[in-house]
Amino acid sequence: MQKLVTSLLIIFCFQLSLTAQTISSPSDFLGYEIGTQFSRNHQVIDYFKTVQKQIPNQVKLETYGKTNERRGLYLAYISSEENIKNLETIRENNLKNIGLLEGESSADDIAIVWLSYNVHGNEASSSEASMLTLFKLLTEKQEWLKNTIVIIDPSMNPDGRDRYINWYNETASQPYDIDRQASEHNEPWPGGRPNHYLFDLNRDWVWASQVETQQRLEVYNKWMPHVHVDFHEQGINEPYYFAPAAEPFHEVITDWQRDFQTEIGKNHAKYFDAEGWLFFTRERFDLFYPSYGDTYPTFMGAMGMTYEQGGHGMAGLGIFNDEGHVLTLVERLTHHTTSGLSTVEMASKNAKQLNTEFAKFFDNSNLKYKSYVLKGNEDKLNSLKTLLNKHHITFENATTSKVSGMNYATGKQGSLNIDSKALVVHANQPKGKMVKALFEPNAKLSDSLTYDITAWSLPYAYGLEAMASTTKIPSETLLSKKALQKLTDAYGYVSKWNSMDDAQFLAALLKHNFKVRFTEKPFTSNNNKFERGSLIITKGDNKHIKNFLETLNTIAQEQAQHLTQINSGFSQTTPDIGSPDIKLVNKQKVAVLSGEGTSSLSYGEVWHFFEQQLHYPLTSINTDDFGSINLDKYNVLILPNGNYRNVFTEDNMTKLKDWVRAGGKVIAIDGALRSFAGKDGFSLNYKKQEDDVEKKDNLTAYADREREYSNNLITGAIFNAKVDHTHPMAFGYDDNYFTLKLGSTAYSLLDSGYNVAYLNNTKVYSGFAGQNALKSLDQTLVFGEEHMGNGSFIYMVDNTLFRSFWENGKLFLVNSIFMVNNNAYEL
Ligand SMILES: [Zn+2]
């Protein structure tokens, strides 16, 4: 007996060492103890590739895309040999289980856990943790893999991660310096957090404006995991944070999701307690805004969670924090490894229940609003469809002519006449809770203290008329699109001007050196009425274009742009095509300020907008160089949101004003307006908040101060602005525009200048706005233009490019560039 036990033990040990021998540990592979150096992105990926080679029956690594800087994006599937063999069947079963795929699910009761690392590039401990997690799963935790598929995205934002690591590696001392004043703890602008275009990928899950998100969503929606964890880092003094999350929780979150988060949190606590590590739960990180790495999966039925380790771009390999502790990378990655493994353990132990409860989430027969009906500009409807497709949300066309329900335009019950082009999105579909979260006019907010914006309702963002109906609206499969007609010889061709598609069409024409006119007044020709902003391309203007008709036809086809032919310059109702009211579009040379002083997010939004949406050239100028550059090379200068105190010194302000007087145009966004408000020569002025606020604060108890303070805030709320659509900045708009207000800073109406859009009421259509903040909002500026000499200052109080999702606001910026104060023509 003794002998048998001994030989069994020998066999057991042999097998154990065999596994350990065949799989390299991260430290062995990297050539340094994990956490004693930062691993560059390719090292992380190479480790995953190596492990896949060593144990291909249990690890499948696939690439799902590429970043803007051409780094690969990867997913590793880790499970038992059996499960990896049946991966596709398991995936399909999961979709059948929730009605996203036809057929009977053979309910495997296999848990699917997706672990996402390093979405913020400079929160760099988490990709290190991904390697150790992979190793431990395959060496010590094989038991869990029998009924669990673990999907690991080791590096969601490799461009950001390498930006941080390359900077750190070239900056840090040897050995590392724990003094936080050392340069290795102070990243330069813009830091490694965002992606190439400086977007925060952890705000982009729903809007999917970035390639990383777009490519990830394709795989995510094919898998629909039961658990998703997004690994982050916070300030160096913070203890670890894990689920359960803080209020507010969005209404669509089920009791099961709440309860199981708590169970997972308790399991983590067991491990953290055993080591004496500090942590907190149920505070700060809420589940409301749908575009995060925790909320998006939650609204898609998963246990979506954020884990936060103290660290961040400041921490380096080691730093002395306020609590007298030297926080090291080794410690940071150990915590993330522990919480990651504990998550997989909980999923494995509760796999059956996870599957059952997951399926229940997708029953959406009880949602209040059954259908959302939208009508309006076809381009805007199409761009909404593109967004819905990214999330595999289905939609149809209406087969009725009238709907009643909650009218988005009035915020009240009403009815709307529609035709068969109207888009219908039903709530009773598998993705119904996400439909509710994205469409409902006003999400129920259980607590006004939230981490992010409180309004995003899609009909407002896309500028569409809409109704939310409590009864199901009849509909049928989508109408197919009609092919565009081929252009024939004519005097000229006219395009409408309402949408980003029209703007892209203009940009494409300018790129091909077409001369394009736009009308400042409506006119009629060939019995067609053309509104302000309509583009006119005449044969006579474009004699310099070889094969004019053919080229125009090609561009129109490529851009799917419908053009109306006109036969004469003589209009039925004026202006005629040769009128001074019909002007040539200047091929503007546009510059934008970047670098210290500008908000990297806002700069990134402008950069991305020009390169990836408008497709129009943009020159980026560093704020440090402003004093020395020759501004005369540009017609338009964009100032993103930011703080320009150190940029616009007296000399530089004089330089800017002189350039504007000579015909330049400044477009100032959000915080950039502070550079001019109340300053000499400008009619822009702040509108102060009511001054009784401070007095009241003194009587507020210490414990209530934070909540009381929220009375002064606007945290992303939707208002209805009055628009002067005869002004070129508002061409293509109606006399109302729903604007997303991101803060409470308010400006009075301009005394001298044009108040292109302004608030003449303070009704909140969606989101949270504090009582005090609201008091000062009436009669305040949203968009305006002020002339100085031959040029203009254009004010955009509300940033229409914010996270690139307020689709309906983008044309205001395009108008500002090409149509406002359109003087000197150069080509
Ligand atoms: Zn983060």
# chains A, B, ... in the order shown; residues from 1 in each chain; ligands from 1

call {"tool": "residues_around", "arguments": {"residues": "A:Asn528", "least_positions_apart": "2", "cutoff": "12 Å", "atoms": "only C-alpha atoms", "output": "list in words"}}
result
Tyr493, Val494, Ser495, Lys496, Pro522, Phe523, Thr524, Ser525, Asn526, Phe530, Glu531, Ser534, Leu563, Thr564, Gln565, Ile566, Asn567, Ser571, Gln572 and Thr573 of chain A

call {"tool": "residues_around", "arguments": {"residues": "A:Phe783", "least_positions_apart": "6", "cutoff": "7 Å", "atoms": "only C-alpha atoms", "output": "JSON, numbers by chain"}}
result
{"A": [755, 756, 757, 758, 795, 796, 797]}

call {"tool": "residues_around", "arguments": {"residues": "stretch 361-372 of chain A", "least_positions_apart": "4", "cutoff": "8 Å", "atoms": "only C-alpha atoms", "output": "compact mmCIF listing (two decimals) with all heavy atoms, in the first residue's frame"}}
result
# COMPACT_ATOMS: atom_id res chain seq x y z
N ILE A 98 -30.03 32.40 -25.83
CA ILE A 98 -30.61 33.72 -25.60
C ILE A 98 -31.36 34.25 -26.81
O ILE A 98 -31.68 35.43 -26.90
CB ILE A 98 -29.53 34.74 -25.15
CG1 ILE A 98 -28.39 34.80 -26.18
CG2 ILE A 98 -28.97 34.36 -23.78
CD1 ILE A 98 -27.31 35.81 -25.85
N GLY A 99 -31.63 33.37 -27.76
CA GLY A 99 -32.47 33.75 -28.89
C GLY A 99 -31.77 34.54 -29.97
O GLY A 99 -32.42 35.12 -30.84
N THR A 254 -30.73 43.62 -13.54
CA THR A 254 -31.65 42.73 -12.84
C THR A 254 -31.17 42.45 -11.42
O THR A 254 -30.01 42.68 -11.08
CB THR A 254 -31.78 41.38 -13.58
OG1 THR A 254 -30.49 40.74 -13.57
CG2 THR A 254 -32.23 41.57 -15.01
N GLY A 301 -26.50 41.72 -20.72
CA GLY A 301 -26.84 40.53 -19.94
C GLY A 301 -25.74 39.96 -19.06
O GLY A 301 -26.00 39.08 -18.24
N GLU A 357 -29.73 32.18 -15.62
CA GLU A 357 -30.09 33.59 -15.36
C GLU A 357 -29.77 34.46 -16.58
O GLU A 357 -30.47 35.42 -16.86
CB GLU A 357 -29.35 34.10 -14.13
CG GLU A 357 -29.76 33.42 -12.83
CD GLU A 357 -31.22 33.69 -12.46
OE1 GLU A 357 -31.75 34.73 -12.87
OE2 GLU A 357 -31.80 32.85 -11.74
N VAL A 424 -38.43 51.59 -37.29
CA VAL A 424 -39.04 51.07 -36.07
C VAL A 424 -38.04 50.15 -35.37
O VAL A 424 -37.52 49.22 -35.98
CB VAL A 424 -40.33 50.28 -36.39
CG1 VAL A 424 -40.95 49.75 -35.11
CG2 VAL A 424 -41.32 51.17 -37.13
N VAL A 425 -37.78 50.44 -34.12
CA VAL A 425 -36.90 49.57 -33.33
C VAL A 425 -37.75 49.01 -32.20
O VAL A 425 -38.26 49.75 -31.36
CB VAL A 425 -35.70 50.36 -32.76
CG1 VAL A 425 -34.74 49.42 -32.06
CG2 VAL A 425 -34.99 51.13 -33.87
N HIS A 426 -37.92 47.69 -32.21
CA HIS A 426 -38.75 47.05 -31.19
C HIS A 426 -37.93 46.71 -29.96
O HIS A 426 -36.77 46.30 -30.07
CB HIS A 426 -39.37 45.76 -31.74
CG HIS A 426 -40.32 46.00 -32.87
ND1 HIS A 426 -41.42 46.81 -32.74
CD2 HIS A 426 -40.31 45.55 -34.16
CE1 HIS A 426 -42.07 46.84 -33.91
NE2 HIS A 426 -41.41 46.09 -34.78
N ALA A 427 -38.57 46.87 -28.81
CA ALA A 427 -37.87 46.54 -27.56
C ALA A 427 -37.87 45.05 -27.30
O ALA A 427 -36.98 44.53 -26.62
CB ALA A 427 -38.52 47.29 -26.40
N ASN A 428 -38.90 44.35 -27.82
CA ASN A 428 -38.95 42.91 -27.57
C ASN A 428 -38.09 42.15 -28.58
O ASN A 428 -38.57 41.45 -29.45
CB ASN A 428 -40.40 42.41 -27.59
CG ASN A 428 -40.49 41.00 -27.02
OD1 ASN A 428 -39.51 40.48 -26.46
ND2 ASN A 428 -41.65 40.40 -27.15
N GLN A 429 -36.81 42.33 -28.44
CA GLN A 429 -35.81 41.57 -29.20
C GLN A 429 -34.71 41.25 -28.19
O GLN A 429 -34.64 41.88 -27.13
CB GLN A 429 -35.28 42.38 -30.38
CG GLN A 429 -34.60 43.70 -30.02
CD GLN A 429 -33.90 44.35 -31.22
OE1 GLN A 429 -33.01 43.77 -31.81
NE2 GLN A 429 -34.30 45.57 -31.55
N PRO A 430 -33.84 40.27 -28.48
CA PRO A 430 -32.85 39.88 -27.48
C PRO A 430 -32.06 41.06 -26.91
O PRO A 430 -31.81 41.14 -25.71
CB PRO A 430 -31.95 38.91 -28.24
CG PRO A 430 -32.85 38.29 -29.26
CD PRO A 430 -33.81 39.38 -29.66
N LYS A 431 -31.72 42.04 -27.76
CA LYS A 431 -30.95 43.18 -27.26
C LYS A 431 -31.85 44.30 -26.73
O LYS A 431 -31.45 45.46 -26.67
CB LYS A 431 -30.07 43.73 -28.40
CG LYS A 431 -29.12 42.71 -29.03
CD LYS A 431 -27.82 42.60 -28.27
CE LYS A 431 -26.93 41.45 -28.73
NZ LYS A 431 -26.25 41.69 -29.99
N GLY A 432 -33.07 43.93 -26.35
CA GLY A 432 -34.09 44.93 -25.97
C GLY A 432 -33.69 45.84 -24.82
O GLY A 432 -34.07 47.01 -24.80
N LYS A 433 -32.95 45.31 -23.86
CA LYS A 433 -32.59 46.18 -22.73
C LYS A 433 -31.58 47.24 -23.17
O LYS A 433 -31.60 48.37 -22.68
CB LYS A 433 -32.06 45.34 -21.57
CG LYS A 433 -33.17 44.49 -20.94
CD LYS A 433 -32.84 44.03 -19.55
CE LYS A 433 -34.00 43.26 -18.93
NZ LYS A 433 -34.29 41.98 -19.65
N LYS A 436 -33.61 49.83 -24.91
CA LYS A 436 -34.22 50.74 -23.91
C LYS A 436 -33.18 51.74 -23.41
O LYS A 436 -33.43 52.94 -23.36
CB LYS A 436 -34.78 49.92 -22.74
CG LYS A 436 -35.24 50.75 -21.54
CD LYS A 436 -35.78 49.84 -20.43
CE LYS A 436 -35.80 50.51 -19.07
NZ LYS A 436 -36.84 51.51 -18.90
N PHE A 439 -32.43 54.31 -26.27
CA PHE A 439 -33.49 55.10 -26.88
C PHE A 439 -34.38 55.85 -25.90
O PHE A 439 -34.91 56.88 -26.24
CB PHE A 439 -34.39 54.21 -27.75
CG PHE A 439 -33.79 53.91 -29.09
CD1 PHE A 439 -32.97 52.81 -29.28
CD2 PHE A 439 -34.02 54.76 -30.17
CE1 PHE A 439 -32.41 52.55 -30.52
CE2 PHE A 439 -33.46 54.50 -31.41
CZ PHE A 439 -32.65 53.39 -31.59
N ALA A 466 -39.11 61.53 -33.10
CA ALA A 466 -39.29 60.18 -32.57
C ALA A 466 -40.45 60.08 -31.60
O ALA A 466 -40.86 61.07 -30.99
CB ALA A 466 -38.02 59.72 -31.87
N MET A 467 -40.98 58.86 -31.52
CA MET A 467 -42.02 58.53 -30.55
C MET A 467 -41.62 57.25 -29.84
O MET A 467 -41.11 56.32 -30.47
CB MET A 467 -43.35 58.25 -31.26
CG MET A 467 -43.93 59.40 -32.04
SD MET A 467 -44.49 60.72 -30.98
CE MET A 467 -46.14 60.16 -30.65
N ALA A 468 -41.88 57.22 -28.56
CA ALA A 468 -41.73 55.97 -27.81
C ALA A 468 -43.14 55.48 -27.54
O ALA A 468 -43.94 56.17 -26.92
CB ALA A 468 -40.99 56.22 -26.51
N SER A 469 -43.44 54.28 -28.05
CA SER A 469 -44.81 53.80 -27.99
C SER A 469 -44.94 52.62 -27.03
O SER A 469 -44.11 51.71 -27.05
CB SER A 469 -45.26 53.38 -29.39
OG SER A 469 -46.44 52.61 -29.30
N THR A 470 -46.01 52.64 -26.24
CA THR A 470 -46.22 51.53 -25.30
C THR A 470 -46.93 50.35 -25.96
O THR A 470 -47.12 49.32 -25.34
CB THR A 470 -47.06 51.99 -24.07
OG1 THR A 470 -48.22 52.65 -24.57
CG2 THR A 470 -46.26 52.94 -23.20
N THR A 471 -47.33 50.54 -27.23
CA THR A 471 -47.85 49.38 -27.97
C THR A 471 -46.91 49.10 -29.14
O THR A 471 -46.22 50.00 -29.63
CB THR A 471 -49.26 49.65 -28.55
OG1 THR A 471 -49.19 50.86 -29.31
CG2 THR A 471 -50.28 49.81 -27.46
N LYS A 472 -46.92 47.86 -29.57
CA LYS A 472 -46.00 47.47 -30.64
C LYS A 472 -46.48 48.04 -31.97
O LYS A 472 -47.63 47.86 -32.36
CB LYS A 472 -45.90 45.95 -30.72
CG LYS A 472 -44.76 45.51 -31.59
CD LYS A 472 -44.59 44.01 -31.65
CE LYS A 472 -43.49 43.68 -32.66
NZ LYS A 472 -43.36 42.26 -32.93
N ILE A 473 -45.61 48.75 -32.66
CA ILE A 473 -45.96 49.39 -33.93
C ILE A 473 -45.74 48.39 -35.06
O ILE A 473 -44.69 47.75 -35.14
CB ILE A 473 -45.07 50.64 -34.15
CG1 ILE A 473 -45.27 51.65 -33.01
CG2 ILE A 473 -45.33 51.29 -35.50
CD1 ILE A 473 -46.70 52.15 -32.84

call {"tool": "residues_around", "arguments": {"residues": "A:Ser116", "least_positions_apart": "5", "cutoff": "10 Å", "atoms": "only C-alpha atoms", "output": "ChimeraX atom specification"}}
result
/A:75,126-127,130,151-156,228-232,293,306,340

call {"tool": "residues_near_ligand", "arguments": {"ligand": "ligand 1", "cutoff": "8 Å", "atoms": "only C-alpha atoms and all ligand atoms", "output": "list of chain:residue names"}}
result
A:Asn118, A:Val119, A:His120, A:Glu123, A:Arg193, A:Asn202, A:Phe231, A:His232, A:Glu233, A:Gln234, A:Glu308, A:His312

call {"tool": "select_by_dssp", "arguments": {"residues": "stretch 234-302 of chain A", "states": "helix (DSSP H, G or I)", "output": "number ranges by chain"}}
result
A: 255-275, 295-299

call {"tool": "closest_residue", "arguments": {"among": "A:Thr328, A:Asn513, A:Thr519, A:Gln413", "to": "A:Asp576", "atoms": "only C-alpha atoms"}}
result
A:Thr519

call {"tool": "atom_distance", "arguments": {"atom1": "atom CA of A:Met406", "atom2": "atom CA of A:Ser291"}}
result
24.6 Å

call {"tool": "residues_around", "arguments": {"residues": "A:Asn498", "least_positions_apart": "3", "cutoff": "7 Å", "atoms": "only C-alpha atoms", "output": "list in words"}}
result
Asp502, Gly732 and Tyr733 of chain A

call {"tool": "residues_around", "arguments": {"residues": "A:Lys266", "least_positions_apart": "3", "cutoff": "12 Å", "atoms": "only C-alpha atoms", "output": "number ranges by chain"}}
result
A: 242-244, 259-263, 269-273, 279-281, 339, 342-343, 346

call {"tool": "residues_around", "arguments": {"residues": "A:Thr400", "least_positions_apart": "6", "cutoff": "8 Å", "atoms": "only C-alpha atoms", "output": "count of residues only"}}
result
6
